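Colleague: Here it is: the structure, laid out below.
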Number of protein chains: 2
Amino acid sequence: METSSAPGKVYLFGEHAVVYGEPAVPCAIQRRATVSVEERADERIRVEADDLSLDGFTVTYGEDPDEADVDVPGALVEAATGYVDGAVEQAREAGGAPDAGFNVEISSEIPLGAGLGSSAAVVVAGIDAATRELGVELSAEELAERAYRVEHDVQEGQASRADTFCSAVGGAVRVEGDDCRRVRDVPELPFVVGYDGGAGDTGELVAGVRARRDRYGFAADTVSAIGDLVRQGTRALRDEDIAQVGELMDFNHGLLSALGVSSRSLEAMVWAARDAGATGAKLTGAGGGGCIVALDETTSTRHALEYTPGCEAAFRAELDPEGVRRV
Amino acid sequence: METSSAPGKVYLFGEHAVVYGEPAVPCAIQRRATVSVEERADERIRVEADDLSLDGFTVTYGEDPDEADVDVPGALVEAATGYVDGAVEQAREAGGAPDAGFNVEISSEIPLGAGLGSSAAVVVAGIDAATRELGVELSAEELAERAYRVEHDVQEGQASRADTFCSAVGGAVRVEGDDCRRVRDVPELPFVVGYDGGAGDTGELVAGVRARRDRYGFAADTVSAIGDLVRQGTRALRDEDIAQVGELMDFNHGLLSALGVSSRSLEAMVWAARDAGATGAKLTGAGGGGCIVALDETTSTRHALEYTPGCEAAFRAELDPEGVRRV
């Protein structure tokens, strides 16, 4: 049996604008998905998922997940088996073992569906553990590429390379189009995450930004301004200028809010964090609900978020310099 | 005795960016300051202020307000007498009566210090009533110019022409640099105002925007984007496209938030209004605290604001097509 873990992520800068070729900076966080994989004697796949910040489940199936023997129903299983299926397919291909069957155990500290990259982390860790179980070691870059293909298939072409690359290589990542690379010499980033328990509809939010950008020149300029802000933010990161990184997070949040992707609960959490003394605070991901990320090395922001109406969970999730790793 | 009233204002679009030569659209609201003026036999001035959404006061003085006979202490009197003094000085000049004394009575429906242009309304109404008491009729434009000189002196050069022009002529006004003109053919605008009971420090907020704009190209672009948005908003007004006006208010608010002039209570009120179904909602004025303005012809937004923590007062304040008027 082989076990691997891989981190979730937050967007320090640049979500939404990245769709239009602007750079973005997702960062791996010290919240991980862990996947254990053991080869079976048959061709079947058995998935056991515990502690997914949701009810766990167990499912065993062969070629057709519709014929699965499942102990919980629902979309959760369908989504999870899609990702696991994809990861297994990639591992079979990379390991030259098209008929390999596996027992897969998944656990995760990353809230599901919160925009923190839980599916990418499961896929990256899953491919890594399964290929190692087949005696093959893939580079982080190859894991990222294969995991992206899985997300691309499951999410019907909507996936970004950012989540899988960030989860595979760790640290702060600069994404621009299909080009992903690690940002070197990044200081420690004391992230605090606030989660409203919900999620926006990513497709709808992306479409809303596109409609505004198509209609109004100043909205297109706002998207470009985010790109310029990300370039400045990358310099601030390299200069270890945390105060400026925070100031730019605040600014980035305002521009996202202008583009129509904030929400009442996100705004309440962002301002609770700022009032608690956070160096910066912004929504992270598609918006419309979900998570905010703040910078605060003290416990003040987390405590303030815990008392903020609409905040379901608040936790520390510092920058994780490490990507996927053997456990 | 002559009595005049003049309206307060909200910014539909463009505050802060107007400092850098971009256009802005303040709008007169159906909340008025009323000033009665009666010439005295001597050269003294007696000011009685009631119902200023604060304790009223009475003060009588001659040349030197420091020697005033005052029944309440404090900065309120100093500020109010500064404006009244200025208005009297302008009236004496316009009326060719340099030694005229007056009894002045002020009442106002516009919260003081909330960024709704209460001082401009008092000065405009005061000059109008006092000049009429001296037998002179000034045009709205001349009243605006004289009232601006008073605000300019009292506010030590920080005053904008927008407040006084808007209060004098009424309706929606387009301000660009020193050029102020009425926007013609504007539909009814069902404004609702939410007030947090506080106020930001205008000088500090303006300086903060300047610092960001000087430091970051994308912040300068954000200021320019507001200008483009105002041009679009003026077209939307003329087209009577209220839905678009609301959408642009929301966008404008996000850009202001990016520039660092929003606050926790302003954001809470803006989102309460949007959740209640307002067509649009934004902070109005310098920000950092004070008021938001929303568009809603129903009572939903006002009710929602009344139940929003941090909102001290919520009231309807529709676009007032009329400026200063004889009462």
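Ordering of the structure tokens sets the chain letters (A, B, ...); residue numbers start at 1 within each chain; ligands are numbered from 1 in the order shown.
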Might you pull out every residue within 8 Å of Val124 of chain A, with only C-alpha atoms counted and same-chain residues fewer than 2 positions away left off, and present them as a PDB file with all heavy atoms, in the first residue's frame?
Modeller:
```pdb
ATOM      1  N   ALA A   6      -1.590  15.634  -0.615  1.00  0.00           N
ATOM      2  CA  ALA A   6      -1.373  16.830  -1.449  1.00  0.00           C
ATOM      3  C   ALA A   6      -2.224  17.968  -0.884  1.00  0.00           C
ATOM      4  O   ALA A   6      -3.316  17.734  -0.355  1.00  0.00           O
ATOM      5  CB  ALA A   6      -1.748  16.542  -2.905  1.00  0.00           C
ATOM      6  N   ALA A  87      -8.234   9.465 -11.787  1.00  0.00           N
ATOM      7  CA  ALA A  87      -6.893   9.281 -11.217  1.00  0.00           C
ATOM      8  C   ALA A  87      -6.401   7.863 -11.481  1.00  0.00           C
ATOM      9  O   ALA A  87      -5.243   7.645 -11.856  1.00  0.00           O
ATOM     10  CB  ALA A  87      -6.923   9.579  -9.717  1.00  0.00           C
ATOM     11  N   ALA A 120      -8.682  18.685  -6.671  1.00  0.00           N
ATOM     12  CA  ALA A 120      -7.333  18.633  -7.240  1.00  0.00           C
ATOM     13  C   ALA A 120      -6.385  17.899  -6.299  1.00  0.00           C
ATOM     14  O   ALA A 120      -5.560  17.081  -6.732  1.00  0.00           O
ATOM     15  CB  ALA A 120      -6.822  20.046  -7.508  1.00  0.00           C
ATOM     16  N   ALA A 121      -6.511  18.175  -5.000  1.00  0.00           N
ATOM     17  CA  ALA A 121      -5.620  17.535  -4.028  1.00  0.00           C
ATOM     18  C   ALA A 121      -5.845  16.024  -4.001  1.00  0.00           C
ATOM     19  O   ALA A 121      -4.895  15.235  -3.953  1.00  0.00           O
ATOM     20  CB  ALA A 121      -5.839  18.139  -2.639  1.00  0.00           C
ATOM     21  N   VAL A 122      -7.119  15.600  -4.059  1.00  0.00           N
ATOM     22  CA  VAL A 122      -7.430  14.160  -4.066  1.00  0.00           C
ATOM     23  C   VAL A 122      -6.866  13.504  -5.336  1.00  0.00           C
ATOM     24  O   VAL A 122      -6.263  12.427  -5.277  1.00  0.00           O
ATOM     25  CB  VAL A 122      -8.959  13.932  -3.975  1.00  0.00           C
ATOM     26  CG1 VAL A 122      -9.325  12.492  -4.331  1.00  0.00           C
ATOM     27  CG2 VAL A 122      -9.474  14.286  -2.583  1.00  0.00           C
ATOM     28  N   GLY A 126      -3.938  10.916  -5.322  1.00  0.00           N
ATOM     29  CA  GLY A 126      -4.371   9.604  -5.816  1.00  0.00           C
ATOM     30  C   GLY A 126      -3.485   9.079  -6.927  1.00  0.00           C
ATOM     31  O   GLY A 126      -3.082   7.904  -6.926  1.00  0.00           O
ATOM     32  N   ILE A 127      -3.176   9.926  -7.902  1.00  0.00           N
ATOM     33  CA  ILE A 127      -2.303   9.483  -9.003  1.00  0.00           C
ATOM     34  C   ILE A 127      -0.923   9.132  -8.451  1.00  0.00           C
ATOM     35  O   ILE A 127      -0.330   8.104  -8.812  1.00  0.00           O
ATOM     36  CB  ILE A 127      -2.184  10.571 -10.099  1.00  0.00           C
ATOM     37  CG1 ILE A 127      -3.561  10.880 -10.705  1.00  0.00           C
ATOM     38  CG2 ILE A 127      -1.217  10.111 -11.200  1.00  0.00           C
ATOM     39  CD1 ILE A 127      -3.532  12.003 -11.737  1.00  0.00           C
ATOM     40  N   ASP A 128      -0.435   9.957  -7.542  1.00  0.00           N
ATOM     41  CA  ASP A 128       0.901   9.705  -6.986  1.00  0.00           C
ATOM     42  C   ASP A 128       0.945   8.366  -6.249  1.00  0.00           C
ATOM     43  O   ASP A 128       1.843   7.545  -6.467  1.00  0.00           O
ATOM     44  CB  ASP A 128       1.298  10.839  -6.042  1.00  0.00           C
ATOM     45  CG  ASP A 128       2.749  10.718  -5.587  1.00  0.00           C
ATOM     46  OD1 ASP A 128       3.643  10.686  -6.471  1.00  0.00           O
ATOM     47  OD2 ASP A 128       3.001  10.638  -4.377  1.00  0.00           O
ATOM     48  N   LEU A 143       2.672  14.774 -12.612  1.00  0.00           N
ATOM     49  CA  LEU A 143       1.464  14.571 -11.800  1.00  0.00           C
ATOM     50  C   LEU A 143       0.459  15.697 -12.049  1.00  0.00           C
ATOM     51  O   LEU A 143      -0.742  15.465 -12.206  1.00  0.00           O
ATOM     52  CB  LEU A 143       1.819  14.538 -10.314  1.00  0.00           C
ATOM     53  CG  LEU A 143       2.441  13.249  -9.788  1.00  0.00           C
ATOM     54  CD1 LEU A 143       2.940  13.458  -8.362  1.00  0.00           C
ATOM     55  CD2 LEU A 143       1.407  12.110  -9.830  1.00  0.00           C
ATOM     56  N   ALA A 144       0.995  16.926 -12.099  1.00  0.00           N
ATOM     57  CA  ALA A 144       0.128  18.088 -12.320  1.00  0.00           C
ATOM     58  C   ALA A 144      -0.587  17.964 -13.663  1.00  0.00           C
ATOM     59  O   ALA A 144      -1.798  18.202 -13.764  1.00  0.00           O
ATOM     60  CB  ALA A 144       0.947  19.384 -12.261  1.00  0.00           C
ATOM     61  N   ALA A 147      -3.167  15.140 -13.535  1.00  0.00           N
ATOM     62  CA  ALA A 147      -4.294  15.522 -12.670  1.00  0.00           C
ATOM     63  C   ALA A 147      -5.168  16.562 -13.380  1.00  0.00           C
ATOM     64  O   ALA A 147      -6.402  16.537 -13.277  1.00  0.00           O
ATOM     65  CB  ALA A 147      -3.780  16.060 -11.337  1.00  0.00           C
ATOM     66  N   THR A 164      -4.406  22.011  -9.828  1.00  0.00           N
ATOM     67  CA  THR A 164      -3.633  20.771  -9.852  1.00  0.00           C
ATOM     68  C   THR A 164      -2.132  21.062  -9.801  1.00  0.00           C
ATOM     69  O   THR A 164      -1.388  20.381  -9.098  1.00  0.00           O
ATOM     70  CB  THR A 164      -4.002  19.956 -11.107  1.00  0.00           C
ATOM     71  OG1 THR A 164      -4.131  20.837 -12.227  1.00  0.00           O
ATOM     72  CG2 THR A 164      -5.332  19.259 -10.905  1.00  0.00           C
ATOM     73  N   SER A 167      -1.265  22.145  -6.235  1.00  0.00           N
ATOM     74  CA  SER A 167      -1.314  21.011  -5.312  1.00  0.00           C
ATOM     75  C   SER A 167      -0.115  20.093  -5.520  1.00  0.00           C
ATOM     76  O   SER A 167       0.434  19.542  -4.567  1.00  0.00           O
ATOM     77  CB  SER A 167      -2.621  20.240  -5.523  1.00  0.00           C
ATOM     78  OG  SER A 167      -2.767  19.242  -4.549  1.00  0.00           O
ATOM     79  N   ALA A 168       0.321  19.931  -6.751  1.00  0.00           N
ATOM     80  CA  ALA A 168       1.436  19.024  -7.040  1.00  0.00           C
ATOM     81  C   ALA A 168       2.775  19.610  -6.594  1.00  0.00           C
ATOM     82  O   ALA A 168       3.588  18.918  -5.977  1.00  0.00           O
ATOM     83  CB  ALA A 168       1.474  18.701  -8.533  1.00  0.00           C
ATOM     84  N   VAL A 324       2.736  17.647  -3.353  1.00  0.00           N
ATOM     85  CA  VAL A 324       2.400  16.251  -3.082  1.00  0.00           C
ATOM     86  C   VAL A 324       3.591  15.568  -2.407  1.00  0.00           C
ATOM     87  O   VAL A 324       4.751  15.878  -2.698  1.00  0.00           O
ATOM     88  CB  VAL A 324       2.016  15.526  -4.405  1.00  0.00           C
ATOM     89  CG1 VAL A 324       3.178  15.504  -5.390  1.00  0.00           C
ATOM     90  CG2 VAL A 324       1.487  14.126  -4.133  1.00  0.00           C
TER      91      VAL A 324
END
```
Colleague: What are the closest atom pairs, with distances in Å to one decimal, for all residues of chain B lying within 12 Å of chain A? Consider only C-alpha atoms, order rows by chain and residue number, and present the result as JSON lines.
Modeller:
```
{"residue": "B:Gly208", "atom": "CA", "partner": "A:Glu247", "partner_atom": "CA", "distance": 11.9}
{"residue": "B:Val209", "atom": "CA", "partner": "A:Phe251", "partner_atom": "CA", "distance": 11.4}
{"residue": "B:Arg212", "atom": "CA", "partner": "A:Glu247", "partner_atom": "CA", "distance": 9.7}
{"residue": "B:Arg213", "atom": "CA", "partner": "A:Phe251", "partner_atom": "CA", "distance": 11.8}
{"residue": "B:Arg215", "atom": "CA", "partner": "A:Gln232", "partner_atom": "CA", "distance": 10.7}
{"residue": "B:Tyr216", "atom": "CA", "partner": "A:Leu229", "partner_atom": "CA", "distance": 8.2}
{"residue": "B:Gly217", "atom": "CA", "partner": "A:Asp228", "partner_atom": "CA", "distance": 7.7}
{"residue": "B:Phe218", "atom": "CA", "partner": "A:Ala225", "partner_atom": "CA", "distance": 4.8}
{"residue": "B:Ala219", "atom": "CA", "partner": "A:Ala225", "partner_atom": "CA", "distance": 7.6}
{"residue": "B:Ala220", "atom": "CA", "partner": "A:Ala225", "partner_atom": "CA", "distance": 9.3}
{"residue": "B:Asp221", "atom": "CA", "partner": "A:Ala225", "partner_atom": "CA", "distance": 6.7}
{"residue": "B:Thr222", "atom": "CA", "partner": "A:Thr222", "partner_atom": "CA", "distance": 6.8}
{"residue": "B:Val223", "atom": "CA", "partner": "A:Phe218", "partner_atom": "CA", "distance": 10.1}
{"residue": "B:Ser224", "atom": "CA", "partner": "A:Phe218", "partner_atom": "CA", "distance": 8.2}
{"residue": "B:Ala225", "atom": "CA", "partner": "A:Phe218", "partner_atom": "CA", "distance": 4.8}
{"residue": "B:Ile226", "atom": "CA", "partner": "A:Phe218", "partner_atom": "CA", "distance": 7.5}
{"residue": "B:Gly227", "atom": "CA", "partner": "A:Phe218", "partner_atom": "CA", "distance": 8.6}
{"residue": "B:Asp228", "atom": "CA", "partner": "A:Phe218", "partner_atom": "CA", "distance": 6.0}
{"residue": "B:Leu229", "atom": "CA", "partner": "A:Phe218", "partner_atom": "CA", "distance": 6.3}
{"residue": "B:Val230", "atom": "CA", "partner": "A:Phe218", "partner_atom": "CA", "distance": 9.9}
{"residue": "B:Arg231", "atom": "CA", "partner": "A:Phe218", "partner_atom": "CA", "distance": 10.3}
{"residue": "B:Gln232", "atom": "CA", "partner": "A:Tyr216", "partner_atom": "CA", "distance": 8.4}
{"residue": "B:Gly233", "atom": "CA", "partner": "A:Tyr216", "partner_atom": "CA", "distance": 10.9}
{"residue": "B:Gln244", "atom": "CA", "partner": "A:Arg212", "partner_atom": "CA", "distance": 11.2}
{"residue": "B:Glu247", "atom": "CA", "partner": "A:Gly260", "partner_atom": "CA", "distance": 9.2}
{"residue": "B:Leu248", "atom": "CA", "partner": "A:Ala258", "partner_atom": "CA", "distance": 9.1}
{"residue": "B:Met249", "atom": "CA", "partner": "A:Ala258", "partner_atom": "CA", "distance": 9.5}
{"residue": "B:Asp250", "atom": "CA", "partner": "A:Ala258", "partner_atom": "CA", "distance": 6.7}
{"residue": "B:Phe251", "atom": "CA", "partner": "A:Ala258", "partner_atom": "CA", "distance": 4.3}
{"residue": "B:Asn252", "atom": "CA", "partner": "A:Ala258", "partner_atom": "CA", "distance": 6.8}
{"residue": "B:His253", "atom": "CA", "partner": "A:Ala258", "partner_atom": "CA", "distance": 6.7}
{"residue": "B:Gly254", "atom": "CA", "partner": "A:Ala258", "partner_atom": "CA", "distance": 3.8}
{"residue": "B:Leu255", "atom": "CA", "partner": "A:Ala258", "partner_atom": "CA", "distance": 5.7}
{"residue": "B:Leu256", "atom": "CA", "partner": "A:Gly254", "partner_atom": "CA", "distance": 7.5}
{"residue": "B:Ser257", "atom": "CA", "partner": "A:Gly254", "partner_atom": "CA", "distance": 5.0}
{"residue": "B:Ala258", "atom": "CA", "partner": "A:Gly254", "partner_atom": "CA", "distance": 3.8}
{"residue": "B:Leu259", "atom": "CA", "partner": "A:Phe251", "partner_atom": "CA", "distance": 6.6}
{"residue": "B:Gly260", "atom": "CA", "partner": "A:Phe251", "partner_atom": "CA", "distance": 7.2}
{"residue": "B:Val261", "atom": "CA", "partner": "A:Gly254", "partner_atom": "CA", "distance": 10.2}
{"residue": "B:Ser262", "atom": "CA", "partner": "A:Gly254", "partner_atom": "CA", "distance": 9.3}
{"residue": "B:Ser263", "atom": "CA", "partner": "A:Trp271", "partner_atom": "CA", "distance": 7.5}
{"residue": "B:Arg264", "atom": "CA", "partner": "A:Trp271", "partner_atom": "CA", "distance": 5.4}
{"residue": "B:Ser265", "atom": "CA", "partner": "A:Trp271", "partner_atom": "CA", "distance": 8.9}
{"residue": "B:Leu266", "atom": "CA", "partner": "A:Trp271", "partner_atom": "CA", "distance": 10.3}
{"residue": "B:Glu267", "atom": "CA", "partner": "A:Glu267", "partner_atom": "CA", "distance": 7.0}
{"residue": "B:Ala268", "atom": "CA", "partner": "A:Ala268", "partner_atom": "CA", "distance": 6.9}
{"residue": "B:Met269", "atom": "CA", "partner": "A:Arg264", "partner_atom": "CA", "distance": 9.7}
{"residue": "B:Val270", "atom": "CA", "partner": "A:Arg264", "partner_atom": "CA", "distance": 8.8}
{"residue": "B:Trp271", "atom": "CA", "partner": "A:Arg264", "partner_atom": "CA", "distance": 5.4}
{"residue": "B:Ala272", "atom": "CA", "partner": "A:Arg264", "partner_atom": "CA", "distance": 7.6}
{"residue": "B:Ala273", "atom": "CA", "partner": "A:Arg264", "partner_atom": "CA", "distance": 10.1}
{"residue": "B:Arg274", "atom": "CA", "partner": "A:Arg264", "partner_atom": "CA", "distance": 8.7}
{"residue": "B:Asp275", "atom": "CA", "partner": "A:Arg264", "partner_atom": "CA", "distance": 7.9}
{"residue": "B:Ala276", "atom": "CA", "partner": "A:Arg264", "partner_atom": "CA", "distance": 11.3}
{"residue": "B:Gly280", "atom": "CA", "partner": "A:Gly260", "partner_atom": "CA", "distance": 11.6}
{"residue": "B:Ala281", "atom": "CA", "partner": "A:Ala258", "partner_atom": "CA", "distance": 11.7}
{"residue": "B:Lys282", "atom": "CA", "partner": "A:Ala258", "partner_atom": "CA", "distance": 10.7}
{"residue": "B:Pro309", "atom": "CA", "partner": "A:Pro309", "partner_atom": "CA", "distance": 11.2}
```
Colleague: Figure out the distance between atom CA of Lys9 of chain A and atom CA of Glu38 of chain A, please, to one decimal in Å.
Modeller: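 Distance reported for this atom pair: 26.9 Å.
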Colleague: List every residue of segment 78-315 of chain B that DSSP, applied to the backbone, labels as strand (DSSP E), and write the result as an NGL selection string.
Modeller: :B and (101-108 or 173-176 or 179-182 or 191-195 or 280-284 or 291-295 or 313-315)
Colleague: Can you write out the residues you just picked, keeping N, CA and C atoms, as a JSON list (two decimals), in the first residue's frame?
Modeller:
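And here is the file that came out, again00.json:
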```json
[["chain", "number", "residue", "atom", "x", "y", "z"],
["B", 101, "GLY", "N", -27.47, 93.63, 9.57],
["B", 101, "GLY", "CA", -27.51, 92.58, 10.60],
["B", 101, "GLY", "C", -28.75, 91.73, 10.37],
["B", 102, "PHE", "N", -28.70, 90.47, 10.85],
["B", 102, "PHE", "CA", -29.80, 89.55, 10.58],
["B", 102, "PHE", "C", -30.11, 88.64, 11.76],
["B", 103, "ASN", "N", -31.38, 88.30, 11.90],
["B", 103, "ASN", "CA", -31.76, 87.14, 12.70],
["B", 103, "ASN", "C", -31.93, 85.97, 11.74],
["B", 104, "VAL", "N", -31.24, 84.85, 12.03],
["B", 104, "VAL", "CA", -31.24, 83.70, 11.13],
["B", 104, "VAL", "C", -31.79, 82.49, 11.87],
["B", 105, "GLU", "N", -32.76, 81.85, 11.26],
["B", 105, "GLU", "CA", -33.29, 80.61, 11.85],
["B", 105, "GLU", "C", -33.05, 79.46, 10.89],
["B", 106, "ILE", "N", -32.46, 78.38, 11.39],
["B", 106, "ILE", "CA", -32.11, 77.24, 10.53],
["B", 106, "ILE", "C", -32.82, 75.99, 11.02],
["B", 107, "SER", "N", -33.41, 75.25, 10.10],
["B", 107, "SER", "CA", -33.83, 73.90, 10.46],
["B", 107, "SER", "C", -33.47, 73.00, 9.28],
["B", 108, "SER", "N", -33.30, 71.72, 9.54],
["B", 108, "SER", "CA", -32.81, 70.86, 8.47],
["B", 108, "SER", "C", -33.28, 69.42, 8.63],
["B", 173, "VAL", "N", -26.76, 66.33, -11.52],
["B", 173, "VAL", "CA", -25.78, 67.30, -11.99],
["B", 173, "VAL", "C", -24.54, 66.55, -12.47],
["B", 174, "ARG", "N", -23.97, 67.05, -13.57],
["B", 174, "ARG", "CA", -22.70, 66.48, -14.01],
["B", 174, "ARG", "C", -21.60, 67.48, -13.69],
["B", 175, "VAL", "N", -20.64, 67.03, -12.88],
["B", 175, "VAL", "CA", -19.53, 67.88, -12.47],
["B", 175, "VAL", "C", -18.27, 67.35, -13.13],
["B", 176, "GLU", "N", -17.49, 68.24, -13.74],
["B", 176, "GLU", "CA", -16.20, 67.82, -14.30],
["B", 176, "GLU", "C", -15.27, 69.00, -14.14],
["B", 179, "ASP", "N", -16.50, 72.69, -14.13],
["B", 179, "ASP", "CA", -17.70, 72.76, -14.95],
["B", 179, "ASP", "C", -18.82, 71.94, -14.33],
["B", 180, "CYS", "N", -19.92, 72.61, -13.99],
["B", 180, "CYS", "CA", -21.09, 71.92, -13.44],
["B", 180, "CYS", "C", -22.28, 72.22, -14.34],
["B", 181, "ARG", "N", -23.02, 71.19, -14.71],
["B", 181, "ARG", "CA", -24.25, 71.45, -15.46],
["B", 181, "ARG", "C", -25.29, 70.39, -15.12],
["B", 182, "ARG", "N", -26.54, 70.79, -15.28],
["B", 182, "ARG", "CA", -27.62, 69.85, -15.00],
["B", 182, "ARG", "C", -27.70, 68.79, -16.07],
["B", 191, "PHE", "N", -34.34, 56.99, -4.49],
["B", 191, "PHE", "CA", -33.22, 56.77, -3.57],
["B", 191, "PHE", "C", -33.68, 56.38, -2.18],
["B", 192, "VAL", "N", -32.93, 55.47, -1.59],
["B", 192, "VAL", "CA", -33.05, 55.16, -0.16],
["B", 192, "VAL", "C", -31.67, 55.36, 0.43],
["B", 193, "VAL", "N", -31.60, 56.06, 1.56],
["B", 193, "VAL", "CA", -30.32, 56.33, 2.20],
["B", 193, "VAL", "C", -30.21, 55.54, 3.49],
["B", 194, "GLY", "N", -29.06, 54.93, 3.72],
["B", 194, "GLY", "CA", -28.74, 54.31, 5.01],
["B", 194, "GLY", "C", -27.57, 55.05, 5.61],
["B", 195, "TYR", "N", -27.64, 55.31, 6.89],
["B", 195, "TYR", "CA", -26.64, 56.16, 7.56],
["B", 195, "TYR", "C", -26.13, 55.42, 8.80],
["B", 280, "GLY", "N", -29.61, 48.81, -7.14],
["B", 280, "GLY", "CA", -28.18, 49.11, -7.03],
["B", 280, "GLY", "C", -27.93, 49.73, -5.68],
["B", 281, "ALA", "N", -26.68, 49.66, -5.19],
["B", 281, "ALA", "CA", -26.36, 50.26, -3.89],
["B", 281, "ALA", "C", -24.88, 50.59, -3.85],
["B", 282, "LYS", "N", -24.57, 51.74, -3.29],
["B", 282, "LYS", "CA", -23.17, 52.15, -3.16],
["B", 282, "LYS", "C", -23.00, 53.10, -2.00],
["B", 283, "LEU", "N", -21.77, 53.23, -1.54],
["B", 283, "LEU", "CA", -21.49, 54.30, -0.60],
["B", 283, "LEU", "C", -21.65, 55.61, -1.33],
["B", 284, "THR", "N", -21.93, 56.68, -0.60],
["B", 284, "THR", "CA", -22.02, 58.01, -1.23],
["B", 284, "THR", "C", -21.14, 58.98, -0.46],
["B", 291, "CYS", "N", -22.84, 57.40, 4.78],
["B", 291, "CYS", "CA", -24.08, 56.96, 4.14],
["B", 291, "CYS", "C", -23.85, 56.07, 2.92],
["B", 292, "ILE", "N", -24.85, 55.23, 2.68],
["B", 292, "ILE", "CA", -24.97, 54.54, 1.40],
["B", 292, "ILE", "C", -26.24, 55.05, 0.74],
["B", 293, "VAL", "N", -26.28, 54.90, -0.57],
["B", 293, "VAL", "CA", -27.50, 55.21, -1.31],
["B", 293, "VAL", "C", -27.87, 54.00, -2.15],
["B", 294, "ALA", "N", -29.13, 53.66, -2.12],
["B", 294, "ALA", "CA", -29.63, 52.53, -2.90],
["B", 294, "ALA", "C", -30.79, 53.00, -3.76],
["B", 295, "LEU", "N", -31.10, 52.25, -4.77],
["B", 295, "LEU", "CA", -32.27, 52.52, -5.62],
["B", 295, "LEU", "C", -33.31, 51.46, -5.35],
["B", 313, "ALA", "N", -29.85, 55.05, 10.80],
["B", 313, "ALA", "CA", -31.05, 55.66, 10.23],
["B", 313, "ALA", "C", -31.18, 55.25, 8.78],
["B", 314, "ALA", "N", -32.42, 55.02, 8.36],
["B", 314, "ALA", "CA", -32.68, 54.68, 6.96],
["B", 314, "ALA", "C", -33.90, 55.48, 6.53],
["B", 315, "PHE", "N", -33.80, 56.12, 5.38],
["B", 315, "PHE", "CA", -34.93, 56.94, 4.94],
["B", 315, "PHE", "C", -34.95, 57.07, 3.43]]
```
Colleague: Hey, what does DSSP flag as helix (DSSP H, G or I) within segment 16-189 of chain B? Can you give it to me as an MDAnalysis selection string?
Modeller: chainID B and resid 17:20 65:67 75:95 118:133 140:154 161:169
Colleague: Taking only C-alpha atoms into account, which of B:Glu306, B:Asp163, B:Glu312, B:Asp153 comes nearest Glu15 of chain B?
Modeller: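 Closest candidate: B:Asp163.
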Colleague: Which residues come within 9 Å of Ser118 of chain B, counting only C-alpha atoms, excluding same-chain residues fewer than 3 positions away, as a compact mmCIF listing (two decimals) with N, CA and C atoms, in the first residue's frame?
Modeller:
```txt
# COMPACT_ATOMS: atom_id res chain seq x y z
N PRO B 7 -31.93 71.66 -1.16
CA PRO B 7 -31.80 70.23 -0.91
C PRO B 7 -30.38 69.78 -0.58
N GLY B 8 -30.31 68.63 0.10
CA GLY B 8 -29.04 67.91 0.25
C GLY B 8 -28.78 67.10 -1.01
N LYS B 9 -27.74 66.26 -0.98
CA LYS B 9 -27.40 65.50 -2.19
C LYS B 9 -26.79 64.14 -1.84
N ARG B 32 -34.29 68.63 2.90
CA ARG B 32 -33.93 70.03 2.73
C ARG B 32 -33.50 70.71 4.02
N ALA B 33 -32.69 71.74 3.85
CA ALA B 33 -32.41 72.69 4.93
C ALA B 33 -33.24 73.93 4.64
N SER B 108 -33.30 71.72 9.54
CA SER B 108 -32.81 70.86 8.47
C SER B 108 -33.28 69.42 8.63
N GLU B 109 -33.63 68.81 7.50
CA GLU B 109 -33.97 67.37 7.50
C GLU B 109 -32.77 66.54 7.09
N ILE B 110 -31.62 67.19 6.87
CA ILE B 110 -30.43 66.50 6.37
C ILE B 110 -29.50 66.23 7.54
N PRO B 111 -29.21 64.95 7.83
CA PRO B 111 -28.30 64.69 8.96
C PRO B 111 -26.99 65.46 8.76
N LEU B 112 -26.51 66.07 9.83
CA LEU B 112 -25.28 66.84 9.77
C LEU B 112 -24.06 65.93 9.71
N GLY B 113 -23.10 66.28 8.91
CA GLY B 113 -21.82 65.57 8.92
C GLY B 113 -21.91 64.17 8.34
N ALA B 114 -22.98 63.88 7.60
CA ALA B 114 -23.18 62.54 7.06
C ALA B 114 -22.74 62.47 5.60
N GLY B 115 -22.24 63.56 5.06
CA GLY B 115 -21.82 63.57 3.67
C GLY B 115 -22.97 63.81 2.71
N ALA B 121 -26.44 73.04 1.67
CA ALA B 121 -27.86 73.39 1.63
C ALA B 121 -28.16 74.59 2.52
N VAL B 122 -27.55 74.62 3.72
CA VAL B 122 -27.76 75.75 4.62
C VAL B 122 -27.21 77.03 4.01
N VAL B 123 -26.04 76.95 3.41
CA VAL B 123 -25.42 78.15 2.84
C VAL B 123 -26.23 78.66 1.64
N ASP B 163 -21.46 70.09 -4.32
CA ASP B 163 -22.51 70.19 -3.31
C ASP B 163 -23.34 71.45 -3.49
```
